[in-house]
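Structure file coords_9.pdb with PDB, C-alpha atoms:
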ATOM      1  CA  MET R  30       4.232  -2.050 -12.781
ATOM      2  CA  GLY R  31       5.768   1.043 -14.365
ATOM      3  CA  VAL R  32       9.296   2.416 -14.202
ATOM      4  CA  CYS R  33      11.319   1.910 -11.017
ATOM      5  CA  ASN R  34      12.578   5.298  -9.821
ATOM      6  CA  TRP R  35      15.332   3.558  -7.885
ATOM      7  CA  CYS R  36      16.736   2.059 -11.096
ATOM      8  CA  THR R  37      16.802   5.507 -12.688
ATOM      9  CA  LEU R  38      17.948   7.989 -10.054
ATOM     10  CA  SER R  39      18.172  11.629 -11.129
ATOM     11  CA  GLU R  40      21.483  13.456 -11.544
ATOM     12  CA  ASN R  41      20.527  15.556  -8.520
ATOM     13  CA  GLU R  42      20.178  12.423  -6.389
ATOM     14  CA  LYS R  43      23.348  10.866  -7.770
ATOM     15  CA  LYS R  44      25.537  13.728  -6.597
ATOM     16  CA  TRP R  45      25.360  12.392  -3.015
ATOM     17  CA  LEU R  46      26.977   9.085  -4.019
ATOM     18  CA  LEU R  47      29.532   7.857  -1.474
ATOM     19  CA  ILE R  48      30.274   4.286  -2.595
ATOM     20  CA  LYS R  49      29.644   2.498  -5.857
ATOM     21  CA  ASN R  50      30.724  -0.998  -6.699
ATOM     22  CA  GLU R  51      29.419  -3.928  -8.727
ATOM     23  CA  TYR R  52      26.597  -4.680  -6.298
ATOM     24  CA  TRP R  53      25.732  -1.652  -4.196
ATOM     25  CA  LEU R  54      25.346   2.124  -4.305
ATOM     26  CA  VAL R  55      25.589   4.104  -1.074
ATOM     27  CA  TYR R  56      24.189   7.620  -0.901
ATOM     28  CA  LEU R  57      24.144  10.207   1.847
ATOM     29  CA  ALA R  58      20.396  10.454   2.508
ATOM     30  CA  ASP R  59      18.474  13.621   1.658
ATOM     31  CA  GLN R  60      16.807  13.439   5.008
ATOM     32  CA  GLN R  61      19.581  13.885   7.577
ATOM     33  CA  ASP R  62      17.399  13.111  10.603
ATOM     34  CA  TYR R  63      20.424  11.525  12.255
ATOM     35  CA  VAL R  64      23.790  12.901  11.147
ATOM     36  CA  GLY R  65      25.328  10.689   8.471
ATOM     37  CA  ARG R  66      22.193   8.733   7.567
ATOM     38  CA  CYS R  67      22.837   6.795   4.364
ATOM     39  CA  ILE R  68      20.858   4.651   1.963
ATOM     40  CA  LEU R  69      22.358   1.474   0.478
ATOM     41  CA  ILE R  70      20.708   0.568  -2.820
ATOM     42  CA  LEU R  71      21.188  -2.707  -4.630
ATOM     43  CA  ASN R  72      22.656  -2.125  -8.100
ATOM     44  CA  ARG R  73      19.934  -4.184  -9.818
ATOM     45  CA  HIS R  74      16.186  -4.448  -9.445
ATOM     46  CA  CYS R  75      15.331  -6.973  -6.723
ATOM     47  CA  GLY R  76      12.369  -6.939  -4.368
ATOM     48  CA  CYS R  77      13.407  -8.442  -1.030
ATOM     49  CA  LEU R  78      16.329  -9.745   1.022
ATOM     50  CA  SER R  79      15.400 -13.352   0.200
ATOM     51  CA  GLU R  80      16.182 -12.747  -3.453
ATOM     52  CA  LEU R  81      19.708 -11.456  -2.911
ATOM     53  CA  MET R  82      22.488 -13.514  -4.443
ATOM     54  CA  ASP R  83      25.331 -14.785  -2.270
ATOM     55  CA  ASN R  84      27.919 -12.400  -3.668
ATOM     56  CA  GLU R  85      25.593  -9.416  -3.169
ATOM     57  CA  TRP R  86      25.014 -10.493   0.433
ATOM     58  CA  MET R  87      28.720 -10.971   1.160
ATOM     59  CA  ASP R  88      29.548  -7.613  -0.353
ATOM     60  CA  LEU R  89      26.895  -6.000   1.835
ATOM     61  CA  LYS R  90      28.795  -7.264   4.874
ATOM     62  CA  HIS R  91      31.952  -5.484   3.707
ATOM     63  CA  ILE R  92      30.049  -2.254   3.083
ATOM     64  CA  ILE R  93      28.370  -2.414   6.506
ATOM     65  CA  LYS R  94      31.779  -2.765   8.139
ATOM     66  CA  ARG R  95      33.204   0.092   6.081
ATOM     67  CA  LEU R  96      30.318   2.387   6.996
ATOM     68  CA  GLU R  97      30.169   1.475  10.702
ATOM     69  CA  ASN R  98      33.894   2.043  10.987
ATOM     70  CA  CYS R  99      33.662   5.406   9.204
ATOM     71  CA  PHE R 100      30.728   6.614  11.327
ATOM     72  CA  LYS R 101      32.542   5.663  14.525
ATOM     73  CA  THR R 102      35.914   7.137  13.638
ATOM     74  CA  VAL R 103      34.921  10.221  11.626
ATOM     75  CA  LEU R 104      31.603  11.190  13.226
ATOM     76  CA  GLY R 105      32.080   9.708  16.701
ATOM     77  CA  ALA R 106      28.921   7.616  16.453
ATOM     78  CA  ASP R 107      28.389   5.065  19.225
ATOM     79  CA  LEU R 108      26.344   2.600  17.196
ATOM     80  CA  CYS R 109      24.384   2.288  13.974
ATOM     81  CA  ASN R 110      20.688   1.522  13.436
ATOM     82  CA  TRP R 111      20.164  -0.622  10.336
ATOM     83  CA  SER R 112      16.825  -1.259   8.667
ATOM     84  CA  CYS R 113      15.420  -2.820   5.514
ATOM     85  CA  LEU R 114      11.742  -1.899   5.344
ATOM     86  CA  LEU R 115      10.458  -1.231   1.785
ATOM     87  CA  ASN R 116       7.073  -0.035   3.050
ATOM     88  CA  ASP R 117       6.611   2.899   0.680
ATOM     89  CA  PHE R 118       6.527   0.662  -2.374
ATOM     90  CA  TYR R 119       3.489  -1.114  -0.941
ATOM     91  CA  LYS R 120       1.340   2.010  -1.081
ATOM     92  CA  LYS R 121       0.836   1.182  -4.780
ATOM     93  CA  THR R 122      -1.718  -1.292  -6.135
ATOM     94  CA  GLU R 123       1.064  -3.196  -7.857
ATOM     95  CA  PRO R 124       4.166  -2.843  -5.666
ATOM     96  CA  ASN R 125       7.483  -3.026  -7.477
ATOM     97  CA  PRO R 126       9.989  -2.794  -4.595
ATOM     98  CA  HIS R 127      13.684  -2.109  -5.117
ATOM     99  CA  LEU R 128      15.810  -3.450  -2.292
ATOM    100  CA  HIS R 129      17.575  -0.870  -0.134
ATOM    101  CA  LEU R 130      18.694  -0.422   3.459
ATOM    102  CA  HIS R 131      18.864   2.588   5.745
ATOM    103  CA  VAL R 132      21.603   3.234   8.258
ATOM    104  CA  ARG R 133      21.305   5.888  10.952
ATOM    105  CA  PRO R 134      24.412   6.555  13.085
ATOM    106  CA  ARG R 135      23.448   7.237  16.719
ATOM    107  CA  TYR R 136      25.271   9.557  19.123
ATOM    108  CA  LYS R 137      25.586   9.617  22.870
ATOM    109  CA  ASN R 138      27.370  12.953  22.741
ATOM    110  CA  PRO R 139      26.574  15.959  20.561
ATOM    111  CA  PHE R 140      28.217  15.912  17.147
ATOM    112  CA  SER R 141      29.795  19.220  16.147
ATOM    113  CA  LEU R 142      29.907  20.306  12.526
ATOM    114  CA  ASN R 143      30.842  23.754  11.273
ATOM    115  CA  GLY R 144      30.194  25.302  14.702
ATOM    116  CA  ILE R 145      26.798  23.692  15.206
ATOM    117  CA  LYS R 146      26.101  20.977  17.788
ATOM    118  CA  TYR R 147      23.751  18.240  16.653
ATOM    119  CA  ILE R 148      22.141  16.322  19.507
ATOM    120  CA  ASP R 149      20.679  12.816  19.162
ATOM    121  CA  GLU R 150      17.779  13.416  21.529
ATOM    122  CA  GLU R 151      16.501   9.858  21.199
ATOM    123  CA  PHE R 152      19.828   8.171  21.969
ATOM    124  CA  GLY R 153      19.233   4.814  23.703
ATOM    125  CA  HIS R 154      15.774   4.641  22.130
ATOM    126  CA  HIS R 155      14.297   3.737  18.761
ATOM    127  CA  TYR R 156      15.006   6.387  16.129
ATOM    128  CA  ASN R 157      12.086   8.702  15.529
ATOM    129  CA  PRO R 158      10.733   7.664  12.109
ATOM    130  CA  HIS R 159       8.988  11.045  11.745
ATOM    131  CA  LYS R 160      12.032  13.175  12.527
ATOM    132  CA  GLU R 161      12.738  15.860   9.945
ATOM    133  CA  ASN R 162      16.038  16.795   8.326
ATOM    134  CA  ILE R 163      18.274  18.700  10.771
ATOM    135  CA  ILE R 164      21.236  19.685   8.536
ATOM    136  CA  ASP R 165      21.224  22.591   6.090
ATOM    137  CA  ILE R 166      22.663  22.220   2.616
ATOM    138  CA  ASP R 167      26.045  23.868   3.343
ATOM    139  CA  ASP R 168      26.761  21.542   6.256
ATOM    140  CA  ARG R 169      25.482  18.576   4.296
ATOM    141  CA  ILE R 170      28.147  19.278   1.675
ATOM    142  CA  ILE R 171      30.850  19.423   4.386
ATOM    143  CA  LEU R 172      29.542  16.158   5.866
ATOM    144  CA  TYR R 173      29.455  14.499   2.446
ATOM    145  CA  ASP R 174      33.058  15.517   1.736
ATOM    146  CA  MET R 175      34.222  14.184   5.129
ATOM    147  CA  LEU R 176      32.562  10.819   4.582
ATOM    148  CA  LYS R 177      33.541  10.535   0.933
ATOM    149  CA  ARG R 178      37.198  11.186   1.718
ATOM    150  CA  THR R 179      37.363   8.631   4.514
ATOM    151  CA  LEU R 180      35.364   5.955   2.727
ATOM    152  CA  ASN R 181      37.598   6.124  -0.304
ATOM    153  CA  GLU R 182      40.976   6.310   1.465
TER     154      GLU R 182
ATOM    155  CA  MET Y   4      29.970  -4.697  32.164
ATOM    156  CA  GLY Y   5      27.944  -7.300  34.062
ATOM    157  CA  VAL Y   6      26.124 -10.373  32.800
ATOM    158  CA  CYS Y   7      24.539 -10.304  29.344
ATOM    159  CA  ASN Y   8      20.859 -11.277  29.663
ATOM    160  CA  TRP Y   9      20.818 -12.283  26.013
ATOM    161  CA  CYS Y  10      23.523 -14.891  26.640
ATOM    162  CA  THR Y  11      21.473 -16.343  29.494
ATOM    163  CA  LEU Y  12      17.815 -16.317  28.446
ATOM    164  CA  SER Y  13      15.309 -17.649  30.977
ATOM    165  CA  GLU Y  14      13.442 -20.931  30.477
ATOM    166  CA  ASN Y  15      10.260 -18.886  30.078
ATOM    167  CA  GLU Y  16      11.795 -16.973  27.184
ATOM    168  CA  LYS Y  17      13.296 -20.089  25.613
ATOM    169  CA  LYS Y  18       9.921 -21.773  25.189
ATOM    170  CA  TRP Y  19       9.190 -19.517  22.187
ATOM    171  CA  LEU Y  20      12.198 -20.848  20.267
ATOM    172  CA  LEU Y  21      11.451 -21.446  16.575
ATOM    173  CA  ILE Y  22      14.877 -22.084  15.052
ATOM    174  CA  LYS Y  23      18.195 -22.994  16.610
ATOM    175  CA  ASN Y  24      21.378 -23.750  14.755
ATOM    176  CA  GLU Y  25      25.102 -23.281  15.252
ATOM    177  CA  TYR Y  26      24.953 -19.528  14.705
ATOM    178  CA  TRP Y  27      21.463 -18.190  15.368
ATOM    179  CA  LEU Y  28      18.448 -18.527  17.635
ATOM    180  CA  VAL Y  29      15.053 -17.351  16.394
ATOM    181  CA  TYR Y  30      12.261 -16.640  18.879
ATOM    182  CA  LEU Y  31       8.672 -15.580  18.419
ATOM    183  CA  ALA Y  32       8.749 -12.141  20.074
ATOM    184  CA  ASP Y  33       6.877 -11.484  23.313
ATOM    185  CA  GLN Y  34       5.576  -8.304  21.844
ATOM    186  CA  GLN Y  35       3.388  -9.328  18.909
ATOM    187  CA  ASP Y  36       2.804  -5.790  17.631
ATOM    188  CA  TYR Y  37       2.742  -7.193  14.101
ATOM    189  CA  VAL Y  38       1.609 -10.803  13.794
ATOM    190  CA  GLY Y  39       4.590 -13.140  13.639
ATOM    191  CA  ARG Y  40       7.221 -10.689  14.838
ATOM    192  CA  CYS Y  41      10.423 -12.617  15.620
ATOM    193  CA  ILE Y  42      13.807 -11.874  17.117
ATOM    194  CA  LEU Y  43      16.982 -13.401  15.664
ATOM    195  CA  ILE Y  44      19.752 -13.623  18.241
ATOM    196  CA  LEU Y  45      23.360 -14.445  17.481
ATOM    197  CA  ASN Y  46      24.424 -17.601  19.330
ATOM    198  CA  ARG Y  47      27.524 -15.916  20.821
ATOM    199  CA  HIS Y  48      28.183 -12.565  22.396
ATOM    200  CA  CYS Y  49      29.012  -9.999  19.706
ATOM    201  CA  GLY Y  50      28.245  -6.298  19.703
ATOM    202  CA  CYS Y  51      27.581  -5.156  16.122
ATOM    203  CA  LEU Y  52      27.092  -6.291  12.526
ATOM    204  CA  SER Y  53      30.689  -5.365  11.665
ATOM    205  CA  GLU Y  54      31.965  -8.044  14.019
ATOM    206  CA  LEU Y  55      29.997 -10.918  12.489
ATOM    207  CA  MET Y  56      32.044 -13.718  10.968
ATOM    208  CA  ASP Y  57      31.471 -14.727   7.348
ATOM    209  CA  ASN Y  58      29.766 -18.015   8.184
ATOM    210  CA  GLU Y  59      27.405 -16.265  10.652
ATOM    211  CA  TRP Y  60      26.527 -13.717   7.986
ATOM    212  CA  MET Y  61      25.916 -16.354   5.301
ATOM    213  CA  ASP Y  62      23.769 -18.396   7.645
ATOM    214  CA  LEU Y  63      21.729 -15.281   8.431
ATOM    215  CA  LYS Y  64      20.873 -15.056   4.736
ATOM    216  CA  HIS Y  65      19.437 -18.586   4.808
ATOM    217  CA  ILE Y  66      17.404 -17.841   7.918
ATOM    218  CA  ILE Y  67      16.031 -14.622   6.436
ATOM    219  CA  LYS Y  68      14.890 -16.543   3.363
ATOM    220  CA  ARG Y  69      13.331 -19.284   5.490
ATOM    221  CA  LEU Y  70      11.430 -16.760   7.619
ATOM    222  CA  GLU Y  71      10.274 -14.541   4.734
ATOM    223  CA  ASN Y  72       9.008 -17.585   2.887
ATOM    224  CA  CYS Y  73       7.198 -18.854   5.970
ATOM    225  CA  PHE Y  74       5.569 -15.490   6.735
ATOM    226  CA  LYS Y  75       4.366 -15.153   3.145
ATOM    227  CA  THR Y  76       3.023 -18.675   2.739
ATOM    228  CA  VAL Y  77       1.683 -19.404   6.242
ATOM    229  CA  LEU Y  78       0.607 -15.953   7.406
ATOM    230  CA  GLY Y  79      -0.059 -14.275   4.043
ATOM    231  CA  ALA Y  80       2.355 -11.428   4.778
ATOM    232  CA  ASP Y  81       3.128  -9.121   1.856
ATOM    233  CA  LEU Y  82       6.581  -8.094   2.986
ATOM    234  CA  CYS Y  83       8.877  -8.099   5.991
ATOM    235  CA  ASN Y  84      10.433  -5.189   7.882
ATOM    236  CA  TRP Y  85      13.942  -6.037   9.110
ATOM    237  CA  SER Y  86      15.920  -4.036  11.637
ATOM    238  CA  CYS Y  87      19.099  -4.268  13.660
ATOM    239  CA  LEU Y  88      19.066  -1.442  16.192
ATOM    240  CA  LEU Y  89      20.597  -2.362  19.586
ATOM    241  CA  ASN Y  90      19.516   0.954  21.159
ATOM    242  CA  ASP Y  91      18.383  -0.402  24.529
ATOM    243  CA  PHE Y  92      21.889  -1.579  25.423
ATOM    244  CA  TYR Y  93      23.132   1.994  25.128
ATOM    245  CA  LYS Y  94      20.964   3.204  27.984
ATOM    246  CA  LYS Y  95      23.665   1.812  30.290
ATOM    247  CA  THR Y  96      26.879   3.630  31.241
ATOM    248  CA  GLU Y  97      28.880   0.683  29.928
ATOM    249  CA  PRO Y  98      26.924  -0.781  27.019
ATOM    250  CA  ASN Y  99      27.460  -4.467  26.376
ATOM    251  CA  PRO Y 100      25.323  -5.090  23.277
ATOM    252  CA  HIS Y 101      24.402  -8.559  22.043
ATOM    253  CA  LEU Y 102      23.673  -8.615  18.335
ATOM    254  CA  HIS Y 103      20.081  -9.366  17.344
ATOM    255  CA  LEU Y 104      17.641  -8.479  14.581
ATOM    256  CA  HIS Y 105      13.903  -7.887  14.559
ATOM    257  CA  VAL Y 106      11.550  -8.955  11.789
ATOM    258  CA  ARG Y 107       7.991  -7.703  11.532
ATOM    259  CA  PRO Y 108       5.779  -9.271   8.837
ATOM    260  CA  ARG Y 109       3.460  -6.677   7.268
ATOM    261  CA  TYR Y 110      -0.047  -7.290   5.923
ATOM    262  CA  LYS Y 111      -2.102  -5.575   3.270
ATOM    263  CA  ASN Y 112      -5.140  -7.683   4.196
ATOM    264  CA  PRO Y 113      -6.360  -8.644   7.665
ATOM    265  CA  PHE Y 114      -4.809 -11.818   9.039
ATOM    266  CA  SER Y 115      -7.324 -14.191  10.647
ATOM    267  CA  LEU Y 116      -6.343 -16.365  13.581
ATOM    268  CA  ASN Y 117      -8.730 -18.337  15.753
ATOM    269  CA  GLY Y 118     -11.728 -16.269  14.627
ATOM    270  CA  ILE Y 119     -10.046 -12.901  15.196
ATOM    271  CA  LYS Y 120      -9.019 -10.525  12.420
ATOM    272  CA  TYR Y 121      -5.729  -8.715  12.952
ATOM    273  CA  ILE Y 122      -5.370  -5.563  10.884
ATOM    274  CA  ASP Y 123      -2.010  -3.969  10.019
ATOM    275  CA  GLU Y 124      -3.231  -0.394  10.284
ATOM    276  CA  GLU Y 125       0.117   1.079   9.311
ATOM    277  CA  PHE Y 126       0.550  -1.020   6.148
ATOM    278  CA  GLY Y 127       2.558   0.920   3.536
ATOM    279  CA  HIS Y 128       4.115   3.003   6.305
ATOM    280  CA  HIS Y 129       6.893   2.609   8.861
ATOM    281  CA  TYR Y 130       5.942   0.210  11.643
ATOM    282  CA  ASN Y 131       4.829   1.946  14.795
ATOM    283  CA  PRO Y 132       7.718   1.437  17.248
ATOM    284  CA  HIS Y 133       5.387   2.158  20.186
ATOM    285  CA  LYS Y 134       2.658  -0.315  19.191
ATOM    286  CA  GLU Y 135       1.656  -2.679  21.979
ATOM    287  CA  ASN Y 136       1.156  -6.443  21.803
ATOM    288  CA  ILE Y 137      -2.100  -7.314  19.998
ATOM    289  CA  ILE Y 138      -2.247 -11.141  20.467
ATOM    290  CA  ASP Y 139      -3.398 -12.874  23.642
ATOM    291  CA  ILE Y 140      -1.505 -15.855  25.029
ATOM    292  CA  ASP Y 141      -3.836 -18.561  23.609
ATOM    293  CA  ASP Y 142      -3.554 -17.239  20.073
ATOM    294  CA  ARG Y 143       0.169 -16.726  20.488
ATOM    295  CA  ILE Y 144       0.507 -20.454  21.208
ATOM    296  CA  ILE Y 145      -1.495 -21.303  18.061
ATOM    297  CA  LEU Y 146       0.672 -18.917  16.039
ATOM    298  CA  TYR Y 147       3.854 -20.383  17.489
ATOM    299  CA  ASP Y 148       2.767 -23.925  16.601
ATOM    300  CA  MET Y 149       1.897 -22.890  13.032
ATOM    301  CA  LEU Y 150       5.275 -21.262  12.505
ATOM    302  CA  LYS Y 151       7.266 -23.965  14.291
ATOM    303  CA  ARG Y 152       5.686 -26.708  12.173
ATOM    304  CA  THR Y 153       6.316 -24.937   8.874
ATOM    305  CA  LEU Y 154       9.822 -23.779   9.700
ATOM    306  CA  ASN Y 155      10.884 -27.286  10.637
ATOM    307  CA  GLU Y 156       9.239 -29.206   7.778
TER     308      GLU Y 156
END

Please re-express this file's structure in structure tokens.
Amino acid sequence: MGVCNWCTLSENEKKWLLIKNEYWLVYLADQQDYVGRCILILNRHCGCLSELMDNEWMDLKHIIKRLENCFKTVLGADLCNWSCLLNDFYKKTEPNPHLHLHVRPRYKNPFSLNGIKYIDEEFGHHYNPHKENIIDIDDRIILYDMLKRTLNE
Amino acid sequence: MGVCNWCTLSENEKKWLLIKNEYWLVYLADQQDYVGRCILILNRHCGCLSELMDNEWMDLKHIIKRLENCFKTVLGADLCNWSCLLNDFYKKTEPNPHLHLHVRPRYKNPFSLNGIKYIDEEFGHHYNPHKENIIDIDDRIILYDMLKRTLNE
């Protein structure tokens, strides 16, 4: 099946780490299609939700609560869109999926960061899965610092 | 906020019930965009994942396992796409969301039902959120019976 890239993230990817505990790693996603989008990666190789252990599942609940609360209070998000898809792994002849979830905060009102207003144009509708990144690197660093500080208070 | 339609499903909607327990209701979705798509509805009014109680969350894990196993063995699905979005509720001025999840089984190979081959044309990619229903009512009844029987064995 080959090496799992999700088990061996690069140092460049690791610098966006927001939460790390025994079971889960939470990163600010490269692709900020919706402001604050994060990826939750299980801290061991496991292919689907069915194979999660009870303690991993219970810990996920705590992390979901921590993130939803942070997105609502710090970013002013109205709700969060959660998904666990794993599709990309199945492009390969021998899929070797590594369980992860995506969370996209959604905003009724524009979110202001560093003088720029970010508008969730699809609010009230399914997120656009083809939407590109909307935040430049400088603002992504500011966003990361805001989230990191609050999540680790 | 008005009445929650998810707390008071119609008899017509209830006839597609696959699983009912203390915490969750699982229905075969009206919109069969991907064969076997189901909706998991919390059996009480609650607005987001953060507000789930521990026993509801643990029971969800068991239901996920039961459904993934069923989709793989009965329908030959390769994986499942899970999502918890709640966007539609936020179209209203005073949103009153009722927690539910969607699951879409995904298929590398065509799935045959009643002489018809259903092809997952987006396999390996994000599901198409705008895809229409692909199963007529007769085949939906056959599908429902297959799933109901296996899930309740």

**Request:** Up to 9 Å from chain R, what residues of chain Y turn up? Count only C-alpha atoms and give them as a VMD selection string.
**Result:** chain Y and resid 51 to 55 57 60 to 61 64 to 65 67 to 69 71 to 72 81 to 95 109 111 126 to 132

**Prompt:** In Å, with one decimal, what is the gap from CA of Arg169 (chain R) to CA of Val55 (chain R)?
**Reply:** 15.4 Å

**Prompt:** Neighbours of His101 (chain Y) within 8 Å (only C-alpha atoms; same-chain residues fewer than 3 positions away dropped), as a ChimeraX atom specification?
**Reply:** /Y:7,9-10,44-45,48-51,89

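Shell of Gly79 (chain Y) at 8 Å, with only C-alpha atoms counted and residues fewer than 4 places along the chain excluded, is Phe74, Lys75, Tyr110 and Phe114 of chain Y.
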
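Atom pair CA of Glu135 (chain Y) / CA of Tyr121 (chain Y): separated by 13.1 Å.
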
**Asked** Got a sec to resolve the PyMOL selection byres ((chain R and resi 52) around 7) on this structure and send the residues as a list in words?
**Response** Asn50, Glu51, Trp53, Leu71, Asn72 and Glu85 of chain R

**Message:** One number please: CA of Gln35 (chain Y) to CA of Leu154 (chain Y), in Å, one decimal.
**Reply:** 18.3 Å

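Listed by chain and then by number, the residues chosen by the PyMOL selection byres ((chain R and resi 39-46) around 9) in this file are Asn34, Thr37, Leu38, Leu47, Ile48, Lys49, Leu54, Val55, Tyr56, Leu57, Ala58, Asp59, Ile170, Tyr173 and Lys177 of chain R.
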